[in-house]
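**Q** Pasting a structure here, questions to come.
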Amino acid sequence: MKQTNTINIKNKKARFEYEILDKYTAGIKLAGTEIKSIREGKASIAESFCEFEGDELFVINMTIQEYSHATYFNHNPKSSRKLLLNRRELNKLLKEVRNSGLTIVPLRLFINDRGLAKMQIALAKGKKLYDKREAIKDRDSKKRLGQIKKAFNN
């Protein structure tokens, strides 16, 4: 069952707001209409975050729009969804979040080659305001340099 269309929903805001320390790929526990909506590309992880409830990891505030062809068995668009990781990875993340005050943010939602929905999450540390300004300045200088090189080559 090879998928020809690739679903790759990114959280661009996370890379700007947080300093990424470590990345993990987690599976997501979904209902039938949820995976169908994701395959149509009708999902958003822009305002979502991950949180532990007991010893399980959940993604909160992830939006998966209702499936258009479903009947009354449709899902709740903003419900929390369980992330599937190895116990060793969960324990490591739980320890880092509790002790260091780090946070877990979703970076990317994608469908792998087997047709399963996966989420790339990251252990991250919040950036200060001056770090964000520095990132904007670096991005602008790279853009200007690229424009100068392009003009010079023409």
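Labeling convention for the structure tokens: chains A, B, ... as they appear, residues from 1 per chain, ligands from 1 in order of appearance.
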Give the helix (DSSP H, G or I) residues of chain A, as assigned by DSSP on the backbone, as a ChimeraX atom specification.

**A** /A:12-17,32-39,87-100,129-153

**Q** Check the smallest atom-to-atom distance from each of A:Arg98, A:Arg108, A:His75, A:Lys92 to A:Lys13 using only C-alpha atoms, then report the winner.

**A**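 Checking each of A:Arg98, A:Arg108, A:His75, A:Lys92 against A:Lys13, counting only C-alpha atoms, the winner is A:Arg108.
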
**Q** Return the single residue from A:Leu145, A:Ala46, A:Ala122, A:Leu116 that is closest to A:Glu34, with distances computed using only C-alpha atoms.

**A**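 Going through A:Leu145, A:Ala46, A:Ala122, A:Leu116 one by one, the smallest distance to A:Glu34 is for A:Leu116.
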
**Q** Measuring atom to atom with only C-alpha atoms, identify which of A:Asn153, A:Gln65, A:Gln147, A:Asn91 is nearest to A:Ser79.

**A**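 Using only C-alpha atoms, A:Ser79 sits closest to A:Gln65.
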
**Q** Neighbouring residues of A:Ser68 were defined as those with any atom within 10 Å, considering only C-alpha atoms; residues of the same chain fewer than 4 positions away were excluded. Please report them as JSON, numbers by chain.

**A** {"A": [33, 36, 37, 74]}

**Q** Keeping N, CA and C atoms for every residue in the selection just given, could you write it to a file as a compact mmCIF listing (two decimals), in the first residue's frame?

**A**
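For reference, part03.txt as written:
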```
# COMPACT_ATOMS: atom_id res chain seq x y z
N THR A 33 -11.74 8.12 11.30
CA THR A 33 -11.99 9.35 10.56
C THR A 33 -10.84 10.34 10.71
N LYS A 36 -8.17 9.50 8.08
CA LYS A 36 -8.66 9.88 6.75
C LYS A 36 -8.54 11.38 6.53
N SER A 37 -8.80 12.18 7.56
CA SER A 37 -8.65 13.63 7.45
C SER A 37 -7.19 14.02 7.30
N ASN A 74 -18.22 10.83 13.52
CA ASN A 74 -17.06 11.69 13.35
C ASN A 74 -16.37 11.97 14.68
```

**Q** Just checking: using only C-alpha atoms, which residue out of A:Gly32, A:Gly126, A:Gly27, A:Gly146 ends up closest to A:Asn112?

**A**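 So, comparing all the options, the nearest one is A:Gly27.
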
**Q** Give the strand (DSSP E or B) residues of stretch 39-138 of chain A, as assigned by DSSP on the backbone, as a ChimeraX atom specification.

**A** /A:43-44,49-53,56-60,63-64,81-84,103-111,117-126

**Q** Go ahead and write the selection's residues with C-alpha atoms as a tab-separated table (two decimals), in the first residue's frame.

**A**
```
chain	number	residue	atom	x	y	z
A	43	ALA	CA	-4.65	18.88	10.13
A	44	SER	CA	-2.74	21.57	11.99
A	49	PHE	CA	2.10	20.99	22.61
A	50	CYS	CA	2.84	17.70	24.35
A	51	GLU	CA	2.06	16.89	27.97
A	52	PHE	CA	2.38	13.91	30.28
A	53	GLU	CA	-0.76	12.52	31.91
A	56	GLU	CA	1.73	8.54	29.04
A	57	LEU	CA	2.46	11.33	26.56
A	58	PHE	CA	-0.39	13.18	24.83
A	59	VAL	CA	-0.43	15.87	22.17
A	60	ILE	CA	-2.81	18.64	23.20
A	63	THR	CA	-6.50	20.21	15.19
A	64	ILE	CA	-7.72	17.51	12.83
A	81	ARG	CA	-4.29	12.22	21.24
A	82	LYS	CA	-1.93	9.66	22.72
A	83	LEU	CA	1.63	9.48	21.38
A	84	LEU	CA	3.22	6.05	21.10
A	103	THR	CA	9.15	21.24	27.08
A	104	ILE	CA	8.08	18.83	24.34
A	105	VAL	CA	6.84	20.38	21.09
A	106	PRO	CA	5.58	18.73	17.90
A	107	LEU	CA	7.67	19.64	14.86
A	108	ARG	CA	6.13	17.65	12.02
A	109	LEU	CA	3.16	15.41	11.27
A	110	PHE	CA	3.68	12.98	8.41
A	111	ILE	CA	2.58	9.67	6.96
A	117	ALA	CA	0.62	8.66	10.83
A	118	LYS	CA	3.77	9.67	12.72
A	119	MET	CA	4.73	12.81	14.58
A	120	GLN	CA	8.24	14.17	15.02
A	121	ILE	CA	8.49	15.69	18.49
A	122	ALA	CA	11.38	17.55	20.06
A	123	LEU	CA	12.69	18.16	23.53
A	124	ALA	CA	13.10	21.92	23.51
A	125	LYS	CA	14.06	24.93	25.58
A	126	GLY	CA	12.26	28.26	25.14
```

**Q** Name the closest residue to A:Asn76 among the candidates A:Arg133, A:Asn61, A:Ile28, A:Tyr18; distances are taken between atoms, counting only C-alpha atoms.

**A**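 The answer is A:Asn61, which sits nearest to A:Asn76.
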
**Q** Choose the residue, out of A:Leu21, A:Leu90, A:Ile45, A:Ala14, that has the smallest atom-to-atom separation from A:Pro77; count only C-alpha atoms.

**A**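 Using only C-alpha atoms, A:Pro77 sits closest to A:Ile45.
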
**Q** In Å, rounded to a single decimal, give me how far atom CA of A:Ile136 is from atom CA of A:Ala151.

**A** 22.6 Å

**Q** Can you list, as a ChimeraX atom specification, every protein, DNA or RNA residue that comes within 9 Å of A:Ala135 when you count only C-alpha atoms, leaving out same-chain residues fewer than 5 positions away?

**A** /A:16,130,140

**Q** One number please: atom CA of A:Asp55 to atom CA of A:Leu102, in Å, one decimal.

**A**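 Interatomic distance, atom CA of A:Asp55 to atom CA of A:Leu102: 16.5 Å.
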